[in-house]
Amino acid sequence: MSEFVNVNRTNGEIRVEQLVKKYPGDVVAVDDISFHVESGQIFGFLGPNGAGKSTTIKILTTLALPTEGIAFVGGYDVVCEAADVRRIAGVALQDIGLDPMMKSMELLTLQGQLFGNSRSGARKRAEELLELMRLTDAKDRRVGTYSGGMRRRLDLALALVHEPQILFLDEPTTGLDPAGRRDVWEEVRRLNRQLGMTIFLTTQYLEEADELADVIAIIDRGKVQTEGSPARLKAAVGNESINLAFESGEIAERARVDLKDLADRIQSDRDVVRLYVSQAAERIPLVVNRLQELELNPISITLTQPTLDDVFLQVTGQRLIAQEAMPVQPE
Amino acid sequence: MTTQTSTQEMACRTPRQRWSPLQLLLVTWRNLVTIVRTPEALLPPIAISVFFLIIYDSTLGKASGFIPNIGSNSYLGFILPLSIVSSSLSGAGVAAQNLVRDIESGYFDKLLLTPISRATLLFAPILAGAFILGMQASIVVGIGLLLGLQPATGFPGLLVVIGLAILLGTGFAGFTVSAALGSGSAAATQGASFIFFPLTFLAPTFVPIDLLDGWLKSAAQINPITYVLEAMRGLINQGWDGVALWQGVLACLLLAGAMYALAVFALRVRTRRT
């Protein structure tokens, strides 16, 4: 995953220690969180609306100050070395900040020039990014006429103008249709693999975190509840399950009683029986033999592995229901 | 909590972004581009100024013979500065509208994350506004010429009149921009911009200042617009009058100084990390 290509040991990394953010009125948006993102990693910050994700990203991108704790982005202190952080980090915030009157080519060129590029250099970079984000055809149209997906892609392009080493994406796919979501995922992966960019992304979509992130931190009510690779997190929730579907609830109930000794835990729900076991795949032949002995014929046998949703349920006590972000998120 | 935050930031000396003329030029240009692309915000102030110019001239112009101290010149020359002043004051609203649009769209935050100086964020919209209101003043002056205006100081005098309009408008823009930064709301900014409207009437608006009386005269005497109007009228109707001219310029500079102090404060509050 991480190759430590940079000589500078903190370059490309994000280090957060005991970060706290309080707002007036004793609102604790971020409550003592610590984590470490290695260079070249995709780090997923997963949590429901209001969990503290956007606040964390605002602190890390120098838009807000922490109340307590320290945070280093690419080796630079977000409080004292804000200008350095801005130079090496790119940000695409949840609220897309684009001027609808401008054309994408103009916005990208201006952004490049503000970062010190020459006019021709900035134009060249803008062309590259428009190509990368498949916006070349729309480059001379006003941004106000763009679709939601196009705005997202342009916003991402703007975040990439100065070739950042670390990219922050705050809910990059919220409000996009499934196709648009896939596009963004592909882009994020490509930036990470081809350019070795460290990517910190927040999301309220389980499958997004699962799909993209090397490491996931689940955040809820301002605290990091658990952290690890998706596989490890899922393994930690425990058992996989063998699911047997029968023709009727009575047959399922018989099966539940007679298969009890083959599972760590067994459950029936109408005509489905679930056997929770570790190494479920290896247990399947035993289960099938027993079913034959009992002359119980299931309609289907499936194997379920724990999902991030199960992880989320276990650590937060609730299911993560993704909501479309409201225009203003009171985080 | 808040004290902790500020001490934390004060513990390190954050170097400020250096001011760069190129950046100011780029961002001013971008402001002009967006202004030009919203003609609906640009045309009404000119239309209203021209409308009032014609109305005042044709309704009050006939009666001007009864008003003393206007001199031998036409009422048109007396009333034209009012039109120019009100167009430049409403033009100052354009700068603020542009800024507030950026705050509302979030583009302002995006600019904040680039290596741009804070001063550029403030003065780019003001400069763009100055350019626009210079154009507006020129158009109003042009219409005055079409209506038969014969300025006492000729073409150079008219250039000074336009210069005064720009100076007054950019000073007032300090106020409207403060409102934009402070409120972050287009409606509030628009409301604040309309303060110019009563201000133009607390002045020797339709008759010379000697004919005003009581509280209105007192109000007119501390209103910077009075001195700008007087200076412009002098240039158009009388001729070069050093004292009136310098009083006009000084009034503009005092207004600008006070308003820019307010704007810098509003910018600090707006861009302070919390």
# chains A, B, ... in the order shown; residues from 1 in each chain; ligands from 1
$ interface_residues --of "chain A" --to "chain B" --cutoff "8 Å" --atoms "only C-alpha atoms" --output "list in words"
Lys22, Pro24, Thr62, Leu63, Ala64, Leu65, Pro66, Thr67, Glu68, Val79, Cys80, Glu81, Ala82, Ala83, Arg86, Arg87, Asp95, Ile96, Gly97, Leu98, Asp99, Met101, Met102, Leu110, Gln111, Gln113, Leu114 and Phe115 of chain A
$ write_last_selection --atoms "N, CA and C atoms" --output "PDB file, in the first residue's frame"
ATOM      1  N   LYS A  22     -14.766  22.189  19.485  1.00  0.00           N
ATOM      2  CA  LYS A  22     -15.991  22.574  20.192  1.00  0.00           C
ATOM      3  C   LYS A  22     -16.512  23.848  19.571  1.00  0.00           C
ATOM      4  N   PRO A  24     -19.333  27.144  20.143  1.00  0.00           N
ATOM      5  CA  PRO A  24     -20.010  27.816  21.245  1.00  0.00           C
ATOM      6  C   PRO A  24     -21.317  27.102  21.591  1.00  0.00           C
ATOM      7  N   THR A  62      -7.272  23.628   6.757  1.00  0.00           N
ATOM      8  CA  THR A  62      -6.970  24.978   7.261  1.00  0.00           C
ATOM      9  C   THR A  62      -8.143  25.954   7.198  1.00  0.00           C
ATOM     10  N   LEU A  63      -9.350  25.459   6.957  1.00  0.00           N
ATOM     11  CA  LEU A  63     -10.489  26.381   6.945  1.00  0.00           C
ATOM     12  C   LEU A  63     -11.008  26.649   8.353  1.00  0.00           C
ATOM     13  N   ALA A  64     -10.741  25.710   9.268  1.00  0.00           N
ATOM     14  CA  ALA A  64     -11.170  25.903  10.656  1.00  0.00           C
ATOM     15  C   ALA A  64      -9.997  25.564  11.568  1.00  0.00           C
ATOM     16  N   LEU A  65     -10.058  26.061  12.781  1.00  0.00           N
ATOM     17  CA  LEU A  65      -9.003  25.775  13.757  1.00  0.00           C
ATOM     18  C   LEU A  65      -9.482  24.726  14.745  1.00  0.00           C
ATOM     19  N   PRO A  66      -8.572  23.861  15.188  1.00  0.00           N
ATOM     20  CA  PRO A  66      -8.973  22.918  16.233  1.00  0.00           C
ATOM     21  C   PRO A  66      -9.073  23.630  17.583  1.00  0.00           C
ATOM     22  N   THR A  67      -9.903  23.124  18.456  1.00  0.00           N
ATOM     23  CA  THR A  67      -9.968  23.679  19.809  1.00  0.00           C
ATOM     24  C   THR A  67      -8.816  23.109  20.638  1.00  0.00           C
ATOM     25  N   GLU A  68      -8.590  21.802  20.458  1.00  0.00           N
ATOM     26  CA  GLU A  68      -7.454  21.154  21.117  1.00  0.00           C
ATOM     27  C   GLU A  68      -6.873  20.134  20.148  1.00  0.00           C
ATOM     28  N   VAL A  79      -2.292  24.445  11.900  1.00  0.00           N
ATOM     29  CA  VAL A  79      -2.544  25.730  12.551  1.00  0.00           C
ATOM     30  C   VAL A  79      -1.476  26.745  12.146  1.00  0.00           C
ATOM     31  N   CYS A  80      -0.218  26.340  12.268  1.00  0.00           N
ATOM     32  CA  CYS A  80       0.884  27.298  12.077  1.00  0.00           C
ATOM     33  C   CYS A  80       1.405  27.356  10.645  1.00  0.00           C
ATOM     34  N   GLU A  81       1.269  26.274   9.914  1.00  0.00           N
ATOM     35  CA  GLU A  81       1.844  26.251   8.564  1.00  0.00           C
ATOM     36  C   GLU A  81       0.748  26.085   7.522  1.00  0.00           C
ATOM     37  N   ALA A  82      -0.306  26.895   7.699  1.00  0.00           N
ATOM     38  CA  ALA A  82      -1.486  26.774   6.837  1.00  0.00           C
ATOM     39  C   ALA A  82      -1.125  26.959   5.357  1.00  0.00           C
ATOM     40  N   ALA A  83      -0.248  27.916   5.080  1.00  0.00           N
ATOM     41  CA  ALA A  83       0.091  28.190   3.681  1.00  0.00           C
ATOM     42  C   ALA A  83       0.755  26.968   3.034  1.00  0.00           C
ATOM     43  N   ARG A  86      -1.872  24.348   2.332  1.00  0.00           N
ATOM     44  CA  ARG A  86      -2.663  24.677   1.139  1.00  0.00           C
ATOM     45  C   ARG A  86      -1.904  24.392  -0.145  1.00  0.00           C
ATOM     46  N   ARG A  87      -0.591  24.537  -0.079  1.00  0.00           N
ATOM     47  CA  ARG A  87       0.242  24.331  -1.263  1.00  0.00           C
ATOM     48  C   ARG A  87       0.304  22.859  -1.656  1.00  0.00           C
ATOM     49  N   ASP A  95     -19.866  21.287  -0.228  1.00  0.00           N
ATOM     50  CA  ASP A  95     -20.583  22.345  -0.929  1.00  0.00           C
ATOM     51  C   ASP A  95     -19.677  22.826  -2.043  1.00  0.00           C
ATOM     52  N   ILE A  96     -20.060  22.512  -3.258  1.00  0.00           N
ATOM     53  CA  ILE A  96     -19.211  22.846  -4.387  1.00  0.00           C
ATOM     54  C   ILE A  96     -19.184  24.352  -4.564  1.00  0.00           C
ATOM     55  N   GLY A  97     -18.013  24.958  -4.497  1.00  0.00           N
ATOM     56  CA  GLY A  97     -17.924  26.404  -4.624  1.00  0.00           C
ATOM     57  C   GLY A  97     -17.503  26.817  -6.021  1.00  0.00           C
ATOM     58  N   LEU A  98     -18.469  26.926  -6.900  1.00  0.00           N
ATOM     59  CA  LEU A  98     -18.139  27.324  -8.273  1.00  0.00           C
ATOM     60  C   LEU A  98     -18.947  28.558  -8.635  1.00  0.00           C
ATOM     61  N   ASP A  99     -18.334  29.448  -9.393  1.00  0.00           N
ATOM     62  CA  ASP A  99     -19.058  30.620  -9.844  1.00  0.00           C
ATOM     63  C   ASP A  99     -19.823  30.271 -11.119  1.00  0.00           C
ATOM     64  N   MET A 101     -21.285  31.918 -13.277  1.00  0.00           N
ATOM     65  CA  MET A 101     -21.134  32.818 -14.419  1.00  0.00           C
ATOM     66  C   MET A 101     -19.891  32.505 -15.251  1.00  0.00           C
ATOM     67  N   MET A 102     -18.944  31.781 -14.644  1.00  0.00           N
ATOM     68  CA  MET A 102     -17.676  31.566 -15.329  1.00  0.00           C
ATOM     69  C   MET A 102     -17.721  30.263 -16.130  1.00  0.00           C
ATOM     70  N   LEU A 110      -7.584  30.512 -14.118  1.00  0.00           N
ATOM     71  CA  LEU A 110      -7.398  31.476 -13.026  1.00  0.00           C
ATOM     72  C   LEU A 110      -6.799  30.793 -11.799  1.00  0.00           C
ATOM     73  N   GLN A 111      -7.356  29.628 -11.464  1.00  0.00           N
ATOM     74  CA  GLN A 111      -6.858  28.881 -10.307  1.00  0.00           C
ATOM     75  C   GLN A 111      -5.364  28.574 -10.461  1.00  0.00           C
ATOM     76  N   GLN A 113      -3.177  30.186 -12.305  1.00  0.00           N
ATOM     77  CA  GLN A 113      -2.381  31.414 -12.227  1.00  0.00           C
ATOM     78  C   GLN A 113      -2.258  31.898 -10.789  1.00  0.00           C
ATOM     79  N   LEU A 114      -3.328  31.728 -10.005  1.00  0.00           N
ATOM     80  CA  LEU A 114      -3.257  32.131  -8.604  1.00  0.00           C
ATOM     81  C   LEU A 114      -2.238  31.283  -7.848  1.00  0.00           C
ATOM     82  N   PHE A 115      -2.050  30.050  -8.307  1.00  0.00           N
ATOM     83  CA  PHE A 115      -1.041  29.194  -7.687  1.00  0.00           C
ATOM     84  C   PHE A 115       0.343  29.438  -8.274  1.00  0.00           C
TER      85      PHE A 115
END
$ residues_around --residues "segment 232-234 of chain B" --least-positions-apart "6" --cutoff "8 Å" --atoms "only C-alpha atoms" --output "list in words"
Gly77, Phe78, Pro81, Val161, Leu164, Trp240, Asp241, Ala244 and Leu245 of chain B
$ write_last_selection --atoms "N, CA, C and O atoms" --output "PDB file, in the first residue's frame"
ATOM      1  N   GLY B  77     -27.190  71.736 -15.855  1.00  0.00           N
ATOM      2  CA  GLY B  77     -25.838  71.656 -15.302  1.00  0.00           C
ATOM      3  C   GLY B  77     -25.854  71.537 -13.787  1.00  0.00           C
ATOM      4  O   GLY B  77     -24.943  70.981 -13.186  1.00  0.00           O
ATOM      5  N   PHE B  78     -26.916  72.067 -13.178  1.00  0.00           N
ATOM      6  CA  PHE B  78     -27.033  72.024 -11.732  1.00  0.00           C
ATOM      7  C   PHE B  78     -27.469  70.636 -11.256  1.00  0.00           C
ATOM      8  O   PHE B  78     -27.011  70.120 -10.235  1.00  0.00           O
ATOM      9  N   PRO B  81     -24.982  66.688 -11.786  1.00  0.00           N
ATOM     10  CA  PRO B  81     -24.151  66.039 -10.765  1.00  0.00           C
ATOM     11  C   PRO B  81     -24.947  65.094  -9.856  1.00  0.00           C
ATOM     12  O   PRO B  81     -24.433  64.055  -9.445  1.00  0.00           O
ATOM     13  N   VAL B 161     -14.953  65.588 -13.260  1.00  0.00           N
ATOM     14  CA  VAL B 161     -16.261  65.207 -12.706  1.00  0.00           C
ATOM     15  C   VAL B 161     -16.377  63.682 -12.622  1.00  0.00           C
ATOM     16  O   VAL B 161     -16.777  63.120 -11.597  1.00  0.00           O
ATOM     17  N   LEU B 164     -14.204  62.347  -9.901  1.00  0.00           N
ATOM     18  CA  LEU B 164     -14.832  62.526  -8.585  1.00  0.00           C
ATOM     19  C   LEU B 164     -15.894  61.451  -8.334  1.00  0.00           C
ATOM     20  O   LEU B 164     -16.018  60.917  -7.229  1.00  0.00           O
ATOM     21  N   TRP B 240     -13.165  76.596 -13.010  1.00  0.00           N
ATOM     22  CA  TRP B 240     -12.240  75.956 -12.073  1.00  0.00           C
ATOM     23  C   TRP B 240     -12.261  76.705 -10.755  1.00  0.00           C
ATOM     24  O   TRP B 240     -11.944  77.867 -10.675  1.00  0.00           O
ATOM     25  N   ASP B 241     -12.644  75.991  -9.682  1.00  0.00           N
ATOM     26  CA  ASP B 241     -12.663  76.583  -8.354  1.00  0.00           C
ATOM     27  C   ASP B 241     -11.906  75.653  -7.424  1.00  0.00           C
ATOM     28  O   ASP B 241     -12.411  74.609  -7.016  1.00  0.00           O
ATOM     29  N   ALA B 244     -13.540  74.525  -3.848  1.00  0.00           N
ATOM     30  CA  ALA B 244     -14.651  73.586  -3.964  1.00  0.00           C
ATOM     31  C   ALA B 244     -14.143  72.212  -4.396  1.00  0.00           C
ATOM     32  O   ALA B 244     -14.569  71.170  -3.884  1.00  0.00           O
ATOM     33  N   LEU B 245     -13.191  72.220  -5.324  1.00  0.00           N
ATOM     34  CA  LEU B 245     -12.658  70.973  -5.857  1.00  0.00           C
ATOM     35  C   LEU B 245     -11.965  70.170  -4.765  1.00  0.00           C
ATOM     36  O   LEU B 245     -12.214  68.970  -4.585  1.00  0.00           O
TER      37      LEU B 245
END
$ closest_residue --among "A:Val237, A:Met197, A:Val143, A:Ala280" --to "Glu163 of chain A" --atoms "only C-alpha atoms"
A:Met197
$ atom_distance --atom1 "atom CA of Ala245 of chain A" --atom2 "atom CA of Thr302 of chain A"
8.6 Å
$ residues_around --residues "Ile46 of chain B" --least-positions-apart "4" --cutoff "8 Å" --atoms "only C-alpha atoms" --output "short mmCIF file (atom, residue, chain, number, x, y, z; two decimals) with N, CA, C and O atoms, in the first residue's frame"
data_model
loop_
_atom_site.label_atom_id
_atom_site.label_comp_id
_atom_site.auth_asym_id
_atom_site.auth_seq_id
_atom_site.Cartn_x
_atom_site.Cartn_y
_atom_site.Cartn_z
N LEU B 42 -26.63 45.58 -14.15
CA LEU B 42 -25.80 46.71 -14.57
C LEU B 42 -26.62 47.85 -15.17
O LEU B 42 -26.37 49.02 -14.94
N VAL B 50 -30.54 58.20 -15.74
CA VAL B 50 -30.91 58.96 -16.92
C VAL B 50 -32.37 59.42 -16.82
O VAL B 50 -32.70 60.58 -17.12
N SER B 87 -25.76 57.57 -9.71
CA SER B 87 -25.35 56.41 -10.51
C SER B 87 -24.07 55.81 -9.95
O SER B 87 -23.89 54.59 -9.94
N GLN B 136 -20.46 54.10 -16.01
CA GLN B 136 -21.82 54.61 -15.80
C GLN B 136 -21.81 56.14 -15.76
O GLN B 136 -22.65 56.79 -16.39
N ILE B 139 -21.47 57.57 -19.14
CA ILE B 139 -22.70 57.48 -19.93
C ILE B 139 -23.66 58.61 -19.54
O ILE B 139 -24.23 59.30 -20.40
N VAL B 140 -23.79 58.83 -18.21
CA VAL B 140 -24.69 59.89 -17.75
C VAL B 140 -24.20 61.25 -18.26
O VAL B 140 -25.00 62.07 -18.74
#
$ select_by_dssp --residues "segment 52-197 of chain A" --states "helix (DSSP H, G or I)" --output "ChimeraX atom specification"
/A:53-60,82-88,104-114,119-132,136-138,143-145,148-160,178-195
$ write_last_selection --atoms "C-alpha atoms" --output "mmCIF file, in the first residue's frame"
data_model
loop_
_atom_site.group_PDB
_atom_site.id
_atom_site.type_symbol
_atom_site.label_atom_id
_atom_site.label_comp_id
_atom_site.auth_asym_id
_atom_site.auth_seq_id
_atom_site.Cartn_x
_atom_site.Cartn_y
_atom_site.Cartn_z
ATOM 1 C CA LYS A 53 -16.629 14.385 9.185
ATOM 2 C CA SER A 54 -16.884 17.807 7.575
ATOM 3 C CA THR A 55 -15.541 19.543 10.658
ATOM 4 C CA THR A 56 -12.483 17.281 10.601
ATOM 5 C CA ILE A 57 -11.886 17.992 6.926
ATOM 6 C CA LYS A 58 -12.243 21.735 7.515
ATOM 7 C CA ILE A 59 -9.605 21.605 10.225
ATOM 8 C CA LEU A 60 -7.255 19.502 8.103
ATOM 9 C CA ALA A 82 -1.486 26.774 6.837
ATOM 10 C CA ALA A 83 0.091 28.190 3.681
ATOM 11 C CA ASP A 84 2.261 25.071 3.259
ATOM 12 C CA VAL A 85 -0.717 22.812 3.827
ATOM 13 C CA ARG A 86 -2.663 24.677 1.139
ATOM 14 C CA ARG A 87 0.242 24.331 -1.263
ATOM 15 C CA ILE A 88 0.560 20.553 -0.991
ATOM 16 C CA SER A 104 -14.692 25.920 -16.640
ATOM 17 C CA MET A 105 -11.672 26.800 -18.767
ATOM 18 C CA GLU A 106 -11.605 30.270 -17.183
ATOM 19 C CA LEU A 107 -11.947 28.970 -13.642
ATOM 20 C CA LEU A 108 -9.194 26.394 -14.073
ATOM 21 C CA THR A 109 -6.828 28.868 -15.732
ATOM 22 C CA LEU A 110 -7.398 31.476 -13.026
ATOM 23 C CA GLN A 111 -6.858 28.881 -10.307
ATOM 24 C CA GLY A 112 -3.574 27.833 -11.932
ATOM 25 C CA GLN A 113 -2.381 31.414 -12.227
ATOM 26 C CA LEU A 114 -3.257 32.131 -8.604
ATOM 27 C CA ARG A 119 -0.845 31.949 -18.268
ATOM 28 C CA SER A 120 0.214 29.443 -20.901
ATOM 29 C CA GLY A 121 1.210 26.902 -18.260
ATOM 30 C CA ALA A 122 -2.107 27.339 -16.495
ATOM 31 C CA ARG A 123 -4.004 26.941 -19.763
ATOM 32 C CA LYS A 124 -2.110 23.770 -20.595
ATOM 33 C CA ARG A 125 -2.812 22.301 -17.171
ATOM 34 C CA ALA A 126 -6.470 23.319 -17.498
ATOM 35 C CA GLU A 127 -6.730 21.476 -20.837
ATOM 36 C CA GLU A 128 -5.189 18.377 -19.253
ATOM 37 C CA LEU A 129 -7.593 18.401 -16.344
ATOM 38 C CA LEU A 130 -10.612 19.052 -18.554
ATOM 39 C CA GLU A 131 -9.577 16.044 -20.603
ATOM 40 C CA LEU A 132 -9.045 13.949 -17.481
ATOM 41 C CA THR A 136 -13.407 19.260 -22.739
ATOM 42 C CA ASP A 137 -16.624 19.574 -24.707
ATOM 43 C CA ALA A 138 -18.101 21.844 -22.058
ATOM 44 C CA VAL A 143 -20.733 26.450 -15.188
ATOM 45 C CA GLY A 144 -24.332 27.420 -14.376
ATOM 46 C CA THR A 145 -25.484 25.146 -17.212
ATOM 47 C CA GLY A 148 -24.514 17.907 -10.874
ATOM 48 C CA GLY A 149 -21.988 15.319 -12.007
ATOM 49 C CA MET A 150 -20.172 17.785 -14.242
ATOM 50 C CA ARG A 151 -19.913 20.285 -11.381
ATOM 51 C CA ARG A 152 -18.435 17.607 -9.140
ATOM 52 C CA ARG A 153 -15.876 16.717 -11.762
ATOM 53 C CA LEU A 154 -14.974 20.362 -12.335
ATOM 54 C CA ASP A 155 -14.646 20.873 -8.591
ATOM 55 C CA LEU A 156 -12.332 17.877 -8.454
ATOM 56 C CA ALA A 157 -10.346 19.306 -11.365
ATOM 57 C CA LEU A 158 -9.965 22.608 -9.496
ATOM 58 C CA ALA A 159 -8.660 20.735 -6.474
ATOM 59 C CA LEU A 160 -6.018 19.117 -8.696
ATOM 60 C CA PRO A 178 -24.944 5.641 -9.651
ATOM 61 C CA ALA A 179 -23.121 6.230 -12.949
ATOM 62 C CA GLY A 180 -21.688 9.510 -11.718
ATOM 63 C CA ARG A 181 -20.651 7.789 -8.527
ATOM 64 C CA ARG A 182 -18.769 5.082 -10.459
ATOM 65 C CA ASP A 183 -16.990 7.778 -12.467
ATOM 66 C CA VAL A 184 -15.763 9.519 -9.350
ATOM 67 C CA TRP A 185 -14.635 6.207 -7.826
ATOM 68 C CA GLU A 186 -12.658 5.389 -10.931
ATOM 69 C CA GLU A 187 -11.054 8.813 -10.883
ATOM 70 C CA VAL A 188 -10.120 8.567 -7.214
ATOM 71 C CA ARG A 189 -8.524 5.151 -7.776
ATOM 72 C CA ARG A 190 -6.618 6.411 -10.779
ATOM 73 C CA LEU A 191 -5.253 9.436 -8.926
ATOM 74 C CA ASN A 192 -4.179 7.181 -6.126
ATOM 75 C CA ARG A 193 -2.569 4.465 -8.239
ATOM 76 C CA GLN A 194 -1.009 6.513 -11.012
ATOM 77 C CA LEU A 195 0.123 9.523 -9.045
#
$ atom_distance --atom1 "atom CA of Leu303 of chain A" --atom2 "atom CA of Val277 of chain A"
10.6 Å
